[in-house]
Amino acid sequence: MANNTLNRYLFEELSVRGELVQLDTAYQEILSSKDYPAPLQTLLGELLVSTSLLTATLKFEGSITMQLQGDGPVSLAVINGDHNQQLRGVARWEGDIADDASIHDMMGKGYLVITITPDKGERYQGVVGLEGNNLPEILEGYFERSEQLKTRLWIRTGEHEGKQHAAGMLLQVMPDGTGSPEDFEHLEQLTNTVKDEELFGLGANELLYRLYNQDKVQLFEPKEVEFHCSCSRERSAAAIVTVAQEEIFDILAHEGQVALHCDYCGTTYAFDEPEVKALFADAQSENKTVH
């Protein structure tokens, strides 16, 4: 199968569109940054798949952030993605999380914030209550309320051939208003039969044929999905010079270095005293040039 890919497809004789995303290393890299409890690994996988599926529905260049916040053991779980299907994510938690913990057990009283930021145009933010037994149900409610489009999501995470995988499918009535409830229900019932091993182990052509061999399906060119973190040593250096020099040199005196850690990918950028002095000297000379 083609790993870390998103496939969009249409039913030629039914007014319904579909998406299929299958992830392995893109998911594994997110999990590798921290020792996440198993239910939180699952939740991050569901968020990752959901974000990929949602970015594919965007009609512009830009980014999307899906962020779960709550007062439970998990205070934050977030995935950022963009129209190029470059994704990253992280979660924060305290204490023990039971192996059978649900999204409500983990998040407590919480909500989902979906932020869509076009490269050109205004930012849009939607806040969704955690109404539903799981993340797919919560998102289906969001689509129904915000876009008035019948939408179904199937999201699976788990181990396949000894490695963690996350995959999902989306069906959505076309916004042209020609789709019938019967058509959607027919495809819904077929998609309900999909098995984890099929989602994790089959290529898009074979999987779609197994599910919909009686319907005409148009499959578009696959799009690669990748883990991508935008942190860098340069960005970390730029962040240091925004802090008061006294504060930074106090850290140097106690720690011997200034270290910035990226929660998304686990990379630490460390700067010693000569490097920090050079950063502030460069920043001061740039300010003088500007003035």
# chains A, B, ... in the order shown; residues from 1 in each chain; ligands from 1
>>> residues_around(residues="segment 183-198 of chain A", least_positions_apart="5", cutoff="10 Å", atoms="only C-alpha atoms", output="number ranges by chain")
A: 11, 13-17, 150-161, 165-173, 203-204, 206-208, 210-212, 215
>>> closest_atom_pairs(of="segment 77-105 of chain A", to="segment 135-143 of chain A", cutoff="12 Å", atoms="only C-alpha atoms", output="Markdown table")
| residue | atom | partner | partner_atom | distance |
| --- | --- | --- | --- | --- |
| A:Ser102 | CA | A:Leu135 | CA | 10.0 |
| A:Ile103 | CA | A:Leu135 | CA | 7.5 |
| A:His104 | CA | A:Leu135 | CA | 10.0 |
>>> select_by_dssp(residues="segment 117-206 of chain A", states="alpha helix (DSSP H)", output="ChimeraX atom specification")
/A:135-146,181-191,196-201,204-206
>>> select_by_dssp(residues="segment 40-203 of chain A", states="strand (DSSP E)", output="PyMOL selection string")
chain A and resi 62-70+74-82+86-93+110-118+124-129+151-160+163-173
>>> write_last_selection(atoms="C-alpha atoms", output="compact mmCIF listing (two decimals), in the first residue's frame")
# COMPACT_ATOMS: atom_id res chain seq x y z
CA GLY A 62 -3.89 27.89 4.45
CA SER A 63 -3.80 25.97 7.70
CA ILE A 64 -6.15 24.29 10.12
CA THR A 65 -5.71 23.60 13.83
CA MET A 66 -7.84 21.14 15.77
CA GLN A 67 -7.44 21.62 19.48
CA LEU A 68 -9.09 19.72 22.32
CA GLN A 69 -9.05 21.50 25.67
CA GLY A 70 -10.49 20.35 28.97
CA VAL A 74 -5.57 15.77 29.46
CA SER A 75 -5.51 19.57 29.35
CA LEU A 76 -4.58 19.84 25.67
CA ALA A 77 -4.41 17.73 22.51
CA VAL A 78 -3.70 19.58 19.28
CA ILE A 79 -2.90 18.89 15.63
CA ASN A 80 -1.83 21.55 13.13
CA GLY A 81 -2.10 20.87 9.40
CA ASP A 82 -2.06 22.76 6.13
CA GLN A 86 2.04 18.80 6.48
CA LEU A 87 0.97 17.94 10.03
CA ARG A 88 2.31 18.03 13.56
CA GLY A 89 0.77 17.49 16.98
CA VAL A 90 1.22 17.25 20.72
CA ALA A 91 -0.76 16.56 23.90
CA ARG A 92 -0.31 17.51 27.55
CA TRP A 93 -1.54 15.46 30.48
CA GLY A 110 -14.00 20.30 27.46
CA TYR A 111 -14.48 21.51 23.95
CA LEU A 112 -12.96 21.27 20.49
CA VAL A 113 -11.66 24.43 18.81
CA ILE A 114 -11.30 24.32 15.03
CA THR A 115 -9.28 27.24 13.66
CA ILE A 116 -9.05 27.74 9.90
CA THR A 117 -6.48 30.30 8.77
CA PRO A 118 -6.33 31.09 5.03
CA TYR A 124 -12.40 31.45 11.09
CA GLN A 125 -12.81 29.73 14.45
CA GLY A 126 -15.48 27.28 15.51
CA VAL A 127 -15.96 26.01 19.07
CA VAL A 128 -17.64 22.64 19.44
CA GLY A 129 -18.91 21.02 22.63
CA THR A 151 -21.07 13.80 6.81
CA ARG A 152 -19.84 10.50 8.22
CA LEU A 153 -16.37 9.67 9.52
CA TRP A 154 -14.72 6.32 10.16
CA ILE A 155 -11.43 6.58 12.07
CA ARG A 156 -9.24 3.69 13.24
CA THR A 157 -5.92 3.53 15.08
CA GLY A 158 -3.97 0.46 16.06
CA GLU A 159 -1.05 -1.82 15.43
CA HIS A 160 -0.46 -3.35 12.00
CA LYS A 163 3.79 -0.66 13.97
CA GLN A 164 1.26 2.00 14.89
CA HIS A 165 -1.15 3.04 12.13
CA ALA A 166 -3.97 5.56 11.88
CA ALA A 167 -6.47 5.72 9.04
CA GLY A 168 -9.87 7.10 8.25
CA MET A 169 -12.59 7.68 5.70
CA LEU A 170 -15.02 10.53 5.15
CA LEU A 171 -18.25 10.55 3.17
CA GLN A 172 -20.05 13.81 2.51
CA VAL A 173 -23.10 14.80 0.49
>>> closest_residue(among="A:Ala238, A:Leu199, A:Ala101, A:Ala38", to="Val21 of chain A", atoms="only C-alpha atoms")
A:Leu199
>>> closest_residue(among="A:Thr268, A:Ser32, A:Thr51, A:Asn7", to="Ser232 of chain A", atoms="only C-alpha atoms")
A:Thr268
>>> residues_around(residues="Leu23 of chain A", least_positions_apart="4", cutoff="8 Å", atoms="only C-alpha atoms", output="PyMOL selection string")
chain A and resi 3-5+27+49+165-167+200+225
>>> write_last_selection(atoms="N, CA, C and O atoms", output="PDB file, in the first residue's frame")
ATOM      1  N   ASN A   3       1.820   4.379   1.828  1.00  0.00           N
ATOM      2  CA  ASN A   3       1.662   4.882   3.187  1.00  0.00           C
ATOM      3  C   ASN A   3       1.656   6.403   3.212  1.00  0.00           C
ATOM      4  O   ASN A   3       2.213   7.054   2.335  1.00  0.00           O
ATOM      5  N   ASN A   4       1.052   6.965   4.267  1.00  0.00           N
ATOM      6  CA  ASN A   4       1.000   8.422   4.450  1.00  0.00           C
ATOM      7  C   ASN A   4       0.441   9.127   3.223  1.00  0.00           C
ATOM      8  O   ASN A   4       1.066  10.020   2.654  1.00  0.00           O
ATOM      9  N   THR A   5      -0.732   8.684   2.819  1.00  0.00           N
ATOM     10  CA  THR A   5      -1.370   9.293   1.647  1.00  0.00           C
ATOM     11  C   THR A   5      -2.832   9.637   1.943  1.00  0.00           C
ATOM     12  O   THR A   5      -3.501   8.979   2.739  1.00  0.00           O
ATOM     13  N   TYR A  27       2.174   9.344  11.739  1.00  0.00           N
ATOM     14  CA  TYR A  27       1.572   9.138  13.062  1.00  0.00           C
ATOM     15  C   TYR A  27       2.643   8.734  14.069  1.00  0.00           C
ATOM     16  O   TYR A  27       2.692   9.246  15.189  1.00  0.00           O
ATOM     17  N   VAL A  49      -5.895  12.090  11.884  1.00  0.00           N
ATOM     18  CA  VAL A  49      -6.692  11.666  10.728  1.00  0.00           C
ATOM     19  C   VAL A  49      -7.764  12.706  10.419  1.00  0.00           C
ATOM     20  O   VAL A  49      -7.971  13.095   9.264  1.00  0.00           O
ATOM     21  N   HIS A 165      -0.520   2.462  13.318  1.00  0.00           N
ATOM     22  CA  HIS A 165      -1.150   3.037  12.130  1.00  0.00           C
ATOM     23  C   HIS A 165      -2.389   3.836  12.538  1.00  0.00           C
ATOM     24  O   HIS A 165      -3.012   3.550  13.558  1.00  0.00           O
ATOM     25  N   ALA A 166      -2.719   4.811  11.723  1.00  0.00           N
ATOM     26  CA  ALA A 166      -3.974   5.560  11.883  1.00  0.00           C
ATOM     27  C   ALA A 166      -4.548   5.778  10.495  1.00  0.00           C
ATOM     28  O   ALA A 166      -3.814   6.074   9.550  1.00  0.00           O
ATOM     29  N   ALA A 167      -5.842   5.583  10.363  1.00  0.00           N
ATOM     30  CA  ALA A 167      -6.466   5.718   9.041  1.00  0.00           C
ATOM     31  C   ALA A 167      -7.914   6.153   9.223  1.00  0.00           C
ATOM     32  O   ALA A 167      -8.491   6.019  10.306  1.00  0.00           O
ATOM     33  N   PHE A 200      -5.590  -0.322   7.180  1.00  0.00           N
ATOM     34  CA  PHE A 200      -4.155  -0.198   7.438  1.00  0.00           C
ATOM     35  C   PHE A 200      -3.305  -0.842   6.342  1.00  0.00           C
ATOM     36  O   PHE A 200      -2.179  -0.421   6.113  1.00  0.00           O
ATOM     37  N   VAL A 225       1.017  12.774   2.718  1.00  0.00           N
ATOM     38  CA  VAL A 225       0.841  13.376   4.043  1.00  0.00           C
ATOM     39  C   VAL A 225       2.143  13.171   4.806  1.00  0.00           C
ATOM     40  O   VAL A 225       2.704  12.076   4.803  1.00  0.00           O
TER      41      VAL A 225
END
>>> residues_around(residues="Leu6 of chain A", least_positions_apart="5", cutoff="7 Å", atoms="only C-alpha atoms", output="PyMOL selection string")
chain A and resi 20-22+222-225
>>> decode(residues="segment 123-169 of chain A", atoms="C-alpha atoms", output="PDB file, in the first residue's frame")
ATOM      1  CA  ARG A 123      -9.408  33.551  10.066  1.00  0.00           C
ATOM      2  CA  TYR A 124     -12.404  31.453  11.094  1.00  0.00           C
ATOM      3  CA  GLN A 125     -12.809  29.734  14.450  1.00  0.00           C
ATOM      4  CA  GLY A 126     -15.482  27.278  15.507  1.00  0.00           C
ATOM      5  CA  VAL A 127     -15.955  26.009  19.069  1.00  0.00           C
ATOM      6  CA  VAL A 128     -17.636  22.636  19.443  1.00  0.00           C
ATOM      7  CA  GLY A 129     -18.909  21.018  22.627  1.00  0.00           C
ATOM      8  CA  LEU A 130     -17.858  17.404  23.190  1.00  0.00           C
ATOM      9  CA  GLU A 131     -21.280  16.041  22.309  1.00  0.00           C
ATOM     10  CA  GLY A 132     -20.860  12.460  21.188  1.00  0.00           C
ATOM     11  CA  ASN A 133     -19.224   9.253  22.373  1.00  0.00           C
ATOM     12  CA  ASN A 134     -16.017   9.814  20.412  1.00  0.00           C
ATOM     13  CA  LEU A 135     -14.232  12.297  18.173  1.00  0.00           C
ATOM     14  CA  PRO A 136     -15.849  11.149  14.873  1.00  0.00           C
ATOM     15  CA  GLU A 137     -19.339  11.659  16.352  1.00  0.00           C
ATOM     16  CA  ILE A 138     -18.352  15.107  17.683  1.00  0.00           C
ATOM     17  CA  LEU A 139     -17.090  16.129  14.236  1.00  0.00           C
ATOM     18  CA  GLU A 140     -20.152  14.775  12.442  1.00  0.00           C
ATOM     19  CA  GLY A 141     -22.246  17.061  14.634  1.00  0.00           C
ATOM     20  CA  TYR A 142     -19.955  19.974  13.767  1.00  0.00           C
ATOM     21  CA  PHE A 143     -20.405  19.411  10.018  1.00  0.00           C
ATOM     22  CA  GLU A 144     -24.153  19.096  10.379  1.00  0.00           C
ATOM     23  CA  ARG A 145     -24.423  22.367  12.312  1.00  0.00           C
ATOM     24  CA  SER A 146     -21.784  24.499  10.569  1.00  0.00           C
ATOM     25  CA  GLU A 147     -22.035  23.346   6.955  1.00  0.00           C
ATOM     26  CA  GLN A 148     -25.468  21.672   6.886  1.00  0.00           C
ATOM     27  CA  LEU A 149     -23.889  18.802   4.961  1.00  0.00           C
ATOM     28  CA  LYS A 150     -24.514  15.178   5.897  1.00  0.00           C
ATOM     29  CA  THR A 151     -21.071  13.802   6.805  1.00  0.00           C
ATOM     30  CA  ARG A 152     -19.837  10.501   8.222  1.00  0.00           C
ATOM     31  CA  LEU A 153     -16.370   9.665   9.524  1.00  0.00           C
ATOM     32  CA  TRP A 154     -14.722   6.321  10.160  1.00  0.00           C
ATOM     33  CA  ILE A 155     -11.430   6.584  12.070  1.00  0.00           C
ATOM     34  CA  ARG A 156      -9.243   3.694  13.244  1.00  0.00           C
ATOM     35  CA  THR A 157      -5.924   3.527  15.075  1.00  0.00           C
ATOM     36  CA  GLY A 158      -3.973   0.460  16.065  1.00  0.00           C
ATOM     37  CA  GLU A 159      -1.050  -1.822  15.432  1.00  0.00           C
ATOM     38  CA  HIS A 160      -0.460  -3.347  12.005  1.00  0.00           C
ATOM     39  CA  GLU A 161       2.583  -5.481  11.233  1.00  0.00           C
ATOM     40  CA  GLY A 162       4.147  -4.413  14.534  1.00  0.00           C
ATOM     41  CA  LYS A 163       3.793  -0.659  13.970  1.00  0.00           C
ATOM     42  CA  GLN A 164       1.257   1.996  14.894  1.00  0.00           C
ATOM     43  CA  HIS A 165      -1.150   3.037  12.130  1.00  0.00           C
ATOM     44  CA  ALA A 166      -3.974   5.560  11.883  1.00  0.00           C
ATOM     45  CA  ALA A 167      -6.466   5.718   9.041  1.00  0.00           C
ATOM     46  CA  GLY A 168      -9.873   7.096   8.247  1.00  0.00           C
ATOM     47  CA  MET A 169     -12.588   7.677   5.696  1.00  0.00           C
TER      48      MET A 169
END
